[in-house]
Structure formats: structure tokens, C-alpha cells
Amino acid sequence: MPFKKKDRIVFIGDSITDKGRKKDPLKLGSGYVRMIHDYLTAVYPQLGLKIINEGVSGNRVIDLEKRWTLDVIDHQPQWVSISIGINDVWRQLDSPMGEQVYPDKFEEIYRNLLDQTKQIPDCRLILMQPTVIKEYPDATGNRLLKPYVDIVNRLAEQYDAVLVPTHLAFIDFLKLETGQDLTTDGVHMNSLGDMLMATTWLKAVEDR
């Protein structure tokens, strides 16, 4: 792992990252962030890493923009892991008459957040592809999600970030037709989905 002693790692995103963190004494929640924390603590206890969960349920990239200074910059982290995009697409499906974040706006705001973060000394970026909307590859949500996944891929390359291919990992898993669900409702993770996110994240960071 590329982490140094006492590194601070901020995870920011929506409900998939949040996963009940405010009710957790450690403020980590019960999802993939907690699994990553437990793995890194068990395997690399000498590093004393500080894991910070700043996920907020329902967030889109426009919401991250509003709280970026307080929830990312002020921590002065060595690493920032971003998982966003699901609600930017989901709102198009469940609230089509509301304000929408289409791909161009998504990329513009996301890029601005990365530019801000690059001003933190020695801070590295970890960009996670948005996962899935419904558990079959050709679902309407997944088709709408594809441009957002492409944007994350492109930004990861342009900003020399670690790319976590979570969307690809989920689609590949679904194509195997194992009969095992990854979510409770097509979007929010069950424990298996959280494990797939965590292991995909760990492998991407380790391979970097």
C-alpha cells in the first residue's frame, strides 16, 4: 500500500459512502468505508492511518461542491477518495421535473473540486466509478450512468488519480449471473456489495 504513517484519508460521497456514519461511534458507518478501515487497521496497524467518512445521503456533485471546503479541504488530507454520480442520474429518473445534473455540468463541477483539492500539499486523489442503478447491465439507469463513468475515467487519467473501477466490477459480477444480490434495492449496498466496493478499492490502490 502507498500510504505513509499517520496519513489522513477522506472518503466523500452519497448514501453509499455514508452508510449510517452519524449513528456509528467511530463515525465510519457500516459500509465499504468501514471495511477498508478495518482491513487497513488490521494489516497495517503500524501506520496509524486516520480514516474520515464524509458521505451524506442523497448527495449529488452539486452538493459536494457546497461542502467541499469544510468536509475535505479543512481536513488537509493526504488522500481524498470520491464516490459520486448515482444520485446525479437517479434524480433524472425519480424527479424528472427537478433541477438536473447532466454530464457536462457533472464534469465541470467535478473538475473544479479536483482543482481545489490539488492545492492541498502532497494530496493524492482516488476516484471511484459510480456503481450501478438496478442489478442488470442494460437497465435504463445504467445506460444513463455510462457517460458519468466515462467522465470519472477521463478525470482520473487527467489528474493522475487512482481509478477505482467499481462500475466495471459490478457489471462484470452481474454478468456472471451468480444469483447473489449486491444491493438491497438496486442502488444501496448489502454486505456483499460493500465488500465488492472495498476489495475493488483496495486492489486499485495497491496496484497503483
# chains A, B, ... in the order shown; residues from 1 in each chain; ligands from 1

$ closest_atom_pairs --of "stretch 27-109 of chain A" --to "stretch 125-148 of chain A" --cutoff "6 Å" --atoms "only C-alpha atoms" --output "JSON lines"
{"residue": "A:Trp79", "atom": "CA", "partner": "A:Leu125", "partner_atom": "CA", "distance": 5.8}
{"residue": "A:Val80", "atom": "CA", "partner": "A:Leu125", "partner_atom": "CA", "distance": 5.1}
{"residue": "A:Ser81", "atom": "CA", "partner": "A:Ile126", "partner_atom": "CA", "distance": 4.4}
{"residue": "A:Ile82", "atom": "CA", "partner": "A:Leu127", "partner_atom": "CA", "distance": 5.1}
{"residue": "A:Ser83", "atom": "CA", "partner": "A:Met128", "partner_atom": "CA", "distance": 5.0}
{"residue": "A:Ile84", "atom": "CA", "partner": "A:Pro130", "partner_atom": "CA", "distance": 6.0}
{"residue": "A:Gly85", "atom": "CA", "partner": "A:Pro130", "partner_atom": "CA", "distance": 5.4}
{"residue": "A:Ile86", "atom": "CA", "partner": "A:Pro130", "partner_atom": "CA", "distance": 5.9}

$ write_last_selection --atoms "N, CA and C atoms" --output "mmCIF file, in the first residue's frame"
data_model
loop_
_atom_site.group_PDB
_atom_site.id
_atom_site.type_symbol
_atom_site.label_atom_id
_atom_site.label_comp_id
_atom_site.auth_asym_id
_atom_site.auth_seq_id
_atom_site.Cartn_x
_atom_site.Cartn_y
_atom_site.Cartn_z
ATOM 1 N N TRP A 79 -4.947 11.933 1.270
ATOM 2 C CA TRP A 79 -5.702 11.204 0.249
ATOM 3 C C TRP A 79 -7.165 11.612 0.312
ATOM 4 N N VAL A 80 -7.790 11.744 -0.858
ATOM 5 C CA VAL A 80 -9.229 12.004 -0.934
ATOM 6 C C VAL A 80 -9.836 10.991 -1.894
ATOM 7 N N SER A 81 -10.802 10.220 -1.389
ATOM 8 C CA SER A 81 -11.496 9.218 -2.201
ATOM 9 C C SER A 81 -12.921 9.706 -2.467
ATOM 10 N N ILE A 82 -13.281 9.809 -3.740
ATOM 11 C CA ILE A 82 -14.567 10.392 -4.139
ATOM 12 C C ILE A 82 -15.431 9.329 -4.814
ATOM 13 N N SER A 83 -16.660 9.198 -4.325
ATOM 14 C CA SER A 83 -17.648 8.300 -4.942
ATOM 15 C C SER A 83 -18.941 9.075 -5.127
ATOM 16 N N ILE A 84 -19.227 9.481 -6.361
ATOM 17 C CA ILE A 84 -20.400 10.309 -6.631
ATOM 18 C C ILE A 84 -20.896 10.022 -8.051
ATOM 19 N N GLY A 85 -22.187 10.297 -8.286
ATOM 20 C CA GLY A 85 -22.748 10.130 -9.621
ATOM 21 C C GLY A 85 -24.072 9.387 -9.651
ATOM 22 N N ILE A 86 -24.304 8.536 -8.664
ATOM 23 C CA ILE A 86 -25.547 7.755 -8.669
ATOM 24 C C ILE A 86 -26.767 8.667 -8.584
#

$ closest_atom_pairs --of "stretch 158-206 of chain A" --to "stretch 102-115 of chain A" --cutoff "10 Å" --atoms "only C-alpha atoms" --output "CSV"
residue,atom,partner,partner_atom,distance
A:Gln158,CA,A:Arg111,CA,9.9
A:Tyr159,CA,A:Leu114,CA,7.8
A:Ala161,CA,A:Leu114,CA,9.8

$ atom_distance --atom1 "atom CA of A:Asp207" --atom2 "atom CA of A:Gln180"
27.2 Å

$ select_by_dssp --residues "chain A" --states "strand (DSSP E)" --output "list in words"
Arg8, Ile9, Val10, Phe11, Ile12, Gly13, Lys50, Ile51, Ile52, Asn53, Glu54, Gly55, Trp79, Val80, Ser81, Ile82, Ser83, Arg124, Leu125, Ile126, Leu127, Met128, Val162, Leu163 and Val164 of chain A

$ select_by_dssp --residues "chain A" --states "alpha helix (DSSP H)" --output "compact mmCIF listing (two decimals) with N, CA, C and O atoms, in the first residue's frame"
# COMPACT_ATOMS: atom_id res chain seq x y z
N SER A 15 -25.10 8.35 -0.06
CA SER A 15 -25.54 7.39 0.95
C SER A 15 -24.73 6.10 0.93
O SER A 15 -24.60 5.42 1.96
N ILE A 16 -24.20 5.73 -0.23
CA ILE A 16 -23.41 4.51 -0.33
C ILE A 16 -22.14 4.64 0.49
O ILE A 16 -21.66 3.66 1.08
N THR A 17 -21.60 5.84 0.57
CA THR A 17 -20.44 6.12 1.42
C THR A 17 -20.87 6.37 2.86
O THR A 17 -20.25 5.87 3.81
N ASP A 18 -21.94 7.13 3.04
CA ASP A 18 -22.47 7.48 4.36
C ASP A 18 -22.73 6.24 5.21
O ASP A 18 -22.14 6.04 6.27
N TYR A 32 -18.67 0.16 2.90
CA TYR A 32 -17.35 -0.13 2.36
C TYR A 32 -16.24 0.66 3.05
O TYR A 32 -15.09 0.18 3.17
N VAL A 33 -16.55 1.86 3.54
CA VAL A 33 -15.53 2.66 4.23
C VAL A 33 -15.08 1.95 5.51
O VAL A 33 -13.89 1.87 5.81
N ARG A 34 -16.05 1.39 6.25
CA ARG A 34 -15.71 0.65 7.46
C ARG A 34 -14.87 -0.59 7.13
O ARG A 34 -13.91 -0.91 7.84
N MET A 35 -15.22 -1.27 6.05
CA MET A 35 -14.46 -2.47 5.66
C MET A 35 -13.02 -2.11 5.29
O MET A 35 -12.08 -2.82 5.67
N ILE A 36 -12.84 -1.01 4.57
CA ILE A 36 -11.50 -0.57 4.22
C ILE A 36 -10.73 -0.17 5.48
O ILE A 36 -9.55 -0.54 5.65
N HIS A 37 -11.38 0.56 6.37
CA HIS A 37 -10.76 0.94 7.64
C HIS A 37 -10.29 -0.27 8.41
O HIS A 37 -9.15 -0.33 8.89
N ASP A 38 -11.17 -1.26 8.54
CA ASP A 38 -10.83 -2.44 9.34
C ASP A 38 -9.68 -3.22 8.70
O ASP A 38 -8.79 -3.72 9.41
N TYR A 39 -9.69 -3.33 7.38
CA TYR A 39 -8.61 -4.04 6.69
C TYR A 39 -7.27 -3.33 6.90
O TYR A 39 -6.27 -3.95 7.27
N LEU A 40 -7.26 -2.03 6.63
CA LEU A 40 -6.01 -1.29 6.75
C LEU A 40 -5.50 -1.27 8.18
O LEU A 40 -4.28 -1.33 8.42
N THR A 41 -6.41 -1.20 9.14
CA THR A 41 -6.00 -1.19 10.55
C THR A 41 -5.46 -2.54 10.97
O THR A 41 -4.46 -2.63 11.71
N ALA A 42 -6.10 -3.63 10.49
CA ALA A 42 -5.65 -4.97 10.86
C ALA A 42 -4.33 -5.35 10.21
O ALA A 42 -3.46 -5.98 10.84
N VAL A 43 -4.16 -4.97 8.95
CA VAL A 43 -2.98 -5.40 8.19
C VAL A 43 -1.81 -4.44 8.35
O VAL A 43 -0.64 -4.85 8.32
N VAL A 61 -23.13 15.77 -7.12
CA VAL A 61 -21.88 16.50 -7.18
C VAL A 61 -22.09 17.98 -6.82
O VAL A 61 -21.19 18.63 -6.26
N ILE A 62 -23.27 18.52 -7.09
CA ILE A 62 -23.53 19.92 -6.72
C ILE A 62 -23.57 20.08 -5.21
O ILE A 62 -23.27 21.17 -4.69
N ASP A 63 -23.93 19.04 -4.47
CA ASP A 63 -23.93 19.10 -3.01
C ASP A 63 -22.51 19.00 -2.46
O ASP A 63 -22.17 19.66 -1.47
N LEU A 64 -21.69 18.17 -3.10
CA LEU A 64 -20.28 18.11 -2.69
C LEU A 64 -19.63 19.47 -2.83
O LEU A 64 -18.84 19.89 -1.98
N GLU A 65 -19.96 20.17 -3.90
CA GLU A 65 -19.38 21.49 -4.15
C GLU A 65 -19.66 22.44 -2.99
O GLU A 65 -18.79 23.22 -2.59
N LYS A 66 -20.86 22.36 -2.42
CA LYS A 66 -21.26 23.28 -1.36
C LYS A 66 -20.50 23.03 -0.06
O LYS A 66 -20.33 23.94 0.75
N ARG A 67 -20.06 21.80 0.15
CA ARG A 67 -19.43 21.47 1.43
C ARG A 67 -17.96 21.04 1.31
O ARG A 67 -17.38 20.51 2.26
N TRP A 68 -17.38 21.28 0.14
CA TRP A 68 -16.03 20.80 -0.12
C TRP A 68 -14.99 21.38 0.83
O TRP A 68 -14.09 20.68 1.30
N THR A 69 -15.09 22.68 1.11
CA THR A 69 -14.10 23.31 1.99
C THR A 69 -14.14 22.70 3.38
O THR A 69 -13.11 22.29 3.94
N LEU A 70 -15.33 22.61 3.97
CA LEU A 70 -15.47 22.10 5.33
C LEU A 70 -15.16 20.62 5.43
O LEU A 70 -14.48 20.18 6.36
N ASP A 71 -15.65 19.84 4.47
CA ASP A 71 -15.59 18.39 4.60
C ASP A 71 -14.39 17.74 3.91
O ASP A 71 -14.16 16.53 4.09
N ILE A 86 -24.30 8.54 -8.66
CA ILE A 86 -25.55 7.75 -8.67
C ILE A 86 -26.77 8.67 -8.58
O ILE A 86 -27.71 8.55 -9.38
N ASN A 87 -26.78 9.59 -7.63
CA ASN A 87 -27.94 10.47 -7.48
C ASN A 87 -28.07 11.48 -8.62
O ASN A 87 -29.18 11.93 -8.92
N ASP A 88 -26.94 11.82 -9.24
CA ASP A 88 -26.98 12.73 -10.39
C ASP A 88 -27.81 12.11 -11.52
O ASP A 88 -28.49 12.81 -12.27
N VAL A 89 -27.76 10.78 -11.62
CA VAL A 89 -28.57 10.06 -12.60
C VAL A 89 -29.95 9.71 -12.03
O VAL A 89 -30.97 9.86 -12.71
N TRP A 90 -29.99 9.27 -10.79
CA TRP A 90 -31.25 8.82 -10.18
C TRP A 90 -32.30 9.92 -10.15
O TRP A 90 -33.49 9.67 -10.36
N ARG A 91 -31.87 11.17 -9.92
CA ARG A 91 -32.83 12.29 -9.90
C ARG A 91 -33.48 12.46 -11.28
O ARG A 91 -34.60 12.94 -11.38
N GLN A 92 -32.79 12.08 -12.34
CA GLN A 92 -33.38 12.17 -13.68
C GLN A 92 -34.51 11.17 -13.85
O GLN A 92 -35.41 11.36 -14.67
N LEU A 93 -34.48 10.11 -13.06
CA LEU A 93 -35.49 9.06 -13.15
C LEU A 93 -36.65 9.29 -12.19
O LEU A 93 -37.80 9.08 -12.55
N ASP A 94 -36.33 9.70 -10.95
CA ASP A 94 -37.41 9.82 -9.96
C ASP A 94 -37.95 11.24 -9.81
O ASP A 94 -39.02 11.45 -9.26
N PRO A 103 -24.33 15.32 -17.80
CA PRO A 103 -22.89 15.06 -17.85
C PRO A 103 -21.99 16.28 -17.95
O PRO A 103 -20.96 16.34 -17.26
N ASP A 104 -22.31 17.25 -18.77
CA ASP A 104 -21.43 18.42 -18.92
C ASP A 104 -21.27 19.16 -17.60
O ASP A 104 -20.15 19.56 -17.22
N LYS A 105 -22.37 19.36 -16.89
CA LYS A 105 -22.32 20.05 -15.61
C LYS A 105 -21.61 19.20 -14.57
O LYS A 105 -20.83 19.71 -13.75
N PHE A 106 -21.86 17.90 -14.60
CA PHE A 106 -21.20 16.98 -13.69
C PHE A 106 -19.68 17.08 -13.83
O PHE A 106 -18.95 17.21 -12.85
N GLU A 107 -19.20 17.07 -15.07
CA GLU A 107 -17.76 17.13 -15.30
C GLU A 107 -17.19 18.48 -14.89
O GLU A 107 -16.11 18.55 -14.29
N GLU A 108 -17.90 19.55 -15.19
CA GLU A 108 -17.41 20.89 -14.84
C GLU A 108 -17.22 21.03 -13.33
O GLU A 108 -16.18 21.52 -12.87
N ILE A 109 -18.23 20.62 -12.58
CA ILE A 109 -18.15 20.76 -11.12
C ILE A 109 -17.11 19.81 -10.53
O ILE A 109 -16.31 20.19 -9.67
N TYR A 110 -17.12 18.58 -11.00
CA TYR A 110 -16.16 17.58 -10.53
C TYR A 110 -14.73 18.08 -10.76
O TYR A 110 -13.86 18.00 -9.88
N ARG A 111 -14.48 18.60 -11.94
CA ARG A 111 -13.15 19.11 -12.28
C ARG A 111 -12.75 20.25 -11.34
O ARG A 111 -11.59 20.33 -10.90
N ASN A 112 -13.68 21.12 -11.03
CA ASN A 112 -13.41 22.23 -10.11
C ASN A 112 -13.02 21.71 -8.72
O ASN A 112 -12.11 22.24 -8.08
N LEU A 113 -13.72 20.66 -8.27
CA LEU A 113 -13.40 20.08 -6.96
C LEU A 113 -11.99 19.48 -6.96
O LEU A 113 -11.25 19.61 -5.98
N LEU A 114 -11.63 18.84 -8.05
CA LEU A 114 -10.29 18.26 -8.15
C LEU A 114 -9.22 19.35 -8.18
O LEU A 114 -8.16 19.21 -7.57
N ASP A 115 -9.51 20.44 -8.88
CA ASP A 115 -8.57 21.56 -8.92
C ASP A 115 -8.34 22.13 -7.52
O ASP A 115 -7.20 22.44 -7.14
N GLN A 116 -9.42 22.26 -6.75
CA GLN A 116 -9.29 22.74 -5.38
C GLN A 116 -8.45 21.79 -4.54
O GLN A 116 -7.58 22.21 -3.76
N THR A 117 -8.70 20.51 -4.71
CA THR A 117 -8.02 19.51 -3.89
C THR A 117 -6.54 19.43 -4.21
O THR A 117 -5.71 19.18 -3.34
N THR A 140 -32.14 1.01 -17.67
CA THR A 140 -32.14 2.42 -18.08
C THR A 140 -31.16 3.23 -17.26
O THR A 140 -30.40 4.05 -17.81
N GLY A 141 -31.15 3.02 -15.96
CA GLY A 141 -30.24 3.76 -15.09
C GLY A 141 -28.79 3.53 -15.44
O GLY A 141 -27.98 4.47 -15.44
N ASN A 142 -28.44 2.30 -15.77
CA ASN A 142 -27.06 2.00 -16.11
C ASN A 142 -26.67 2.58 -17.47
O ASN A 142 -25.52 2.97 -17.67
N ARG A 143 -27.62 2.64 -18.38
CA ARG A 143 -27.33 3.28 -19.67
C ARG A 143 -27.09 4.78 -19.47
O ARG A 143 -26.19 5.36 -20.07
N LEU A 144 -27.92 5.40 -18.64
CA LEU A 144 -27.74 6.83 -18.36
C LEU A 144 -26.46 7.09 -17.57
O LEU A 144 -25.87 8.18 -17.66
N LEU A 145 -26.03 6.11 -16.81
CA LEU A 145 -24.85 6.25 -15.97
C LEU A 145 -23.55 6.23 -16.76
O LEU A 145 -22.53 6.78 -16.33
N LYS A 146 -23.58 5.61 -17.92
CA LYS A 146 -22.35 5.38 -18.68
C LYS A 146 -21.55 6.66 -18.95
O LYS A 146 -20.32 6.66 -18.77
N PRO A 147 -22.16 7.77 -19.38
CA PRO A 147 -21.35 8.99 -19.60
C PRO A 147 -20.67 9.49 -18.33
O PRO A 147 -19.57 10.06 -18.39
N TYR A 148 -21.30 9.28 -17.18
CA TYR A 148 -20.73 9.70 -15.90
C TYR A 148 -19.53 8.83 -15.54
O TYR A 148 -18.52 9.33 -15.02
N VAL A 149 -19.63 7.55 -15.82
CA VAL A 149 -18.50 6.64 -15.62
C VAL A 149 -17.34 7.07 -16.52
O VAL A 149 -16.19 7.12 -16.08
N ASP A 150 -17.64 7.39 -17.77
CA ASP A 150 -16.61 7.82 -18.71
C ASP A 150 -15.92 9.10 -18.23
O ASP A 150 -14.70 9.26 -18.39
N ILE A 151 -16.68 10.00 -17.65
CA ILE A 151 -16.11 11.24 -17.13
C ILE A 151 -15.15 10.95 -15.98
O ILE A 151 -14.04 11.51 -15.93
N VAL A 152 -15.54 10.08 -15.07
CA VAL A 152 -14.66 9.73 -13.96
C VAL A 152 -13.37 9.09 -14.48
O VAL A 152 -12.27 9.41 -14.02
N ASN A 153 -13.50 8.21 -15.46
CA ASN A 153 -12.31 7.60 -16.06
C ASN A 153 -11.38 8.65 -16.65
O ASN A 153 -10.16 8.61 -16.45
N ARG A 154 -11.96 9.60 -17.37
CA ARG A 154 -11.17 10.64 -18.03
C ARG A 154 -10.49 11.55 -17.01
O ARG A 154 -9.31 11.89 -17.14
N LEU A 155 -11.23 11.94 -15.98
CA LEU A 155 -10.66 12.82 -14.96
C LEU A 155 -9.55 12.11 -14.19
O LEU A 155 -8.54 12.73 -13.83
N ALA A 156 -9.72 10.83 -13.93
CA ALA A 156 -8.68 10.08 -13.22
C ALA A 156 -7.37 10.10 -14.01
O ALA A 156 -6.28 10.28 -13.45
N GLU A 157 -7.49 9.95 -15.31
CA GLU A 157 -6.29 9.97 -16.15
C GLU A 157 -5.67 11.36 -16.20
O GLU A 157 -4.45 11.51 -16.06
N GLN A 158 -6.51 12.37 -16.34
CA GLN A 158 -6.00 13.74 -16.48
C GLN A 158 -5.38 14.25 -15.18
O GLN A 158 -4.45 15.06 -15.22
N THR A 166 -15.20 0.57 -9.94
CA THR A 166 -16.33 -0.07 -9.25
C THR A 166 -17.49 -0.38 -10.18
O THR A 166 -18.14 -1.41 -10.04
N HIS A 167 -17.78 0.50 -11.14
CA HIS A 167 -18.87 0.21 -12.08
C HIS A 167 -18.55 -1.05 -12.88
O HIS A 167 -19.39 -1.94 -13.01
N LEU A 168 -17.35 -1.12 -13.39
CA LEU A 168 -16.93 -2.28 -14.16
C LEU A 168 -16.98 -3.55 -13.31
O LEU A 168 -17.44 -4.61 -13.79
N ALA A 169 -16.54 -3.46 -12.06
CA ALA A 169 -16.56 -4.63 -11.18
C ALA A 169 -17.98 -5.13 -10.96
O ALA A 169 -18.24 -6.34 -10.96
N PHE A 170 -18.92 -4.19 -10.78
CA PHE A 170 -20.32 -4.58 -10.55
C PHE A 170 -20.92 -5.18 -11.82
O PHE A 170 -21.61 -6.20 -11.76
N ILE A 171 -20.70 -4.57 -12.96
CA ILE A 171 -21.24 -5.08 -14.22
C ILE A 171 -20.68 -6.48 -14.50
O ILE A 171 -21.42 -7.39 -14.90
N ASP A 172 -19.38 -6.65 -14.30
CA ASP A 172 -18.77 -7.97 -14.52
C ASP A 172 -19.37 -9.02 -13.60
O ASP A 172 -19.62 -10.16 -14.02
N PHE A 173 -19.61 -8.65 -12.34
CA PHE A 173 -20.22 -9.57 -11.39
C PHE A 173 -21.64 -9.94 -11.83
O PHE A 173 -22.03 -11.12 -11.81
N LEU A 174 -22.42 -8.94 -12.25
CA LEU A 174 -23.81 -9.19 -12.65
C LEU A 174 -23.87 -10.09 -13.88
O LEU A 174 -24.76 -10.94 -13.99
N LYS A 175 -22.92 -9.96 -14.78
CA LYS A 175 -22.91 -10.78 -15.99
C LYS A 175 -22.67 -12.26 -15.69
O LYS A 175 -23.03 -13.13 -16.49
N SER A 191 -24.19 -6.29 2.30
CA SER A 191 -22.81 -6.50 2.75
C SER A 191 -21.92 -7.02 1.61
O SER A 191 -20.73 -6.68 1.55
N LEU A 192 -22.48 -7.81 0.70
CA LEU A 192 -21.70 -8.30 -0.42
C LEU A 192 -21.31 -7.15 -1.36
O LEU A 192 -20.17 -7.09 -1.84
N GLY A 193 -22.24 -6.24 -1.62
CA GLY A 193 -21.93 -5.08 -2.44
C GLY A 193 -20.87 -4.21 -1.81
O GLY A 193 -19.95 -3.72 -2.50
N ASP A 194 -20.97 -4.00 -0.50
CA ASP A 194 -19.94 -3.23 0.19
C ASP A 194 -18.58 -3.92 0.10
O ASP A 194 -17.55 -3.26 -0.07
N MET A 195 -18.59 -5.25 0.21
CA MET A 195 -17.33 -5.99 0.11
C MET A 195 -16.72 -5.86 -1.28
O MET A 195 -15.50 -5.71 -1.42
N LEU A 196 -17.56 -5.89 -2.31
CA LEU A 196 -17.06 -5.74 -3.67
C LEU A 196 -16.47 -4.35 -3.86
O LEU A 196 -15.41 -4.19 -4.49
N MET A 197 -17.12 -3.33 -3.31
CA MET A 197 -16.58 -1.97 -3.40
C MET A 197 -15.24 -1.88 -2.67
O MET A 197 -14.27 -1.32 -3.19
N ALA A 198 -15.19 -2.43 -1.46
CA ALA A 198 -13.97 -2.33 -0.65
C ALA A 198 -12.80 -3.06 -1.29
O ALA A 198 -11.69 -2.52 -1.36
N THR A 199 -13.03 -4.27 -1.78
CA THR A 199 -11.93 -5.03 -2.37
C THR A 199 -11.48 -4.42 -3.69
O THR A 199 -10.28 -4.44 -4.00
N THR A 200 -12.41 -3.85 -4.44
CA THR A 200 -12.04 -3.18 -5.69
C THR A 200 -11.19 -1.95 -5.39
O THR A 200 -10.20 -1.67 -6.08
N TRP A 201 -11.57 -1.21 -4.36
CA TRP A 201 -10.81 -0.03 -3.92
C TRP A 201 -9.41 -0.43 -3.48
O TRP A 201 -8.41 0.16 -3.92
N LEU A 202 -9.32 -1.42 -2.64
CA LEU A 202 -8.02 -1.85 -2.10
C LEU A 202 -7.09 -2.33 -3.21
O LEU A 202 -5.89 -2.01 -3.22
N LYS A 203 -7.63 -3.08 -4.15
CA LYS A 203 -6.80 -3.58 -5.25
C LYS A 203 -6.30 -2.44 -6.13
O LYS A 203 -5.14 -2.42 -6.54
N ALA A 204 -7.19 -1.48 -6.41
CA ALA A 204 -6.79 -0.35 -7.25
C ALA A 204 -5.69 0.47 -6.61
O ALA A 204 -4.72 0.88 -7.26
N VAL A 205 -5.82 0.69 -5.30
CA VAL A 205 -4.80 1.49 -4.59
C VAL A 205 -3.50 0.70 -4.49
O VAL A 205 -2.41 1.26 -4.68
N GLU A 206 -3.59 -0.58 -4.21
CA GLU A 206 -2.39 -1.41 -4.07
C GLU A 206 -1.64 -1.53 -5.40
O GLU A 206 -0.41 -1.53 -5.44
N ASP A 207 -2.38 -1.59 -6.51
CA ASP A 207 -1.76 -1.74 -7.81
C ASP A 207 -1.13 -0.46 -8.32
O ASP A 207 -0.37 -0.48 -9.30

$ closest_residue --among "A:Gly55, A:Arg60, A:Val162, A:Gly179" --to "A:Glu99" --atoms "only C-alpha atoms"
A:Arg60

$ closest_atom_pairs --of "stretch 26-57 of chain A" --to "stretch 75-78 of chain A" --cutoff "10 Å" --atoms "only C-alpha atoms" --output "JSON lines"
{"residue": "A:Lys50", "atom": "CA", "partner": "A:Pro77", "partner_atom": "CA", "distance": 9.2}
{"residue": "A:Ile51", "atom": "CA", "partner": "A:Pro77", "partner_atom": "CA", "distance": 9.7}
{"residue": "A:Ile52", "atom": "CA", "partner": "A:His75", "partner_atom": "CA", "distance": 8.9}

$ atom_distance --atom1 "atom CA of A:Gln46" --atom2 "atom CA of A:Gly20"
27.8 Å

$ closest_residue --among "A:Leu28, A:Cys123, A:Leu49, A:Ile12" --to "A:Val72" --atoms "only C-alpha atoms"
A:Ile12

$ closest_residue --among "A:Ile9, A:Val187, A:Asn53, A:Lys118" --to "A:Ser30" --atoms "only C-alpha atoms"
A:Asn53
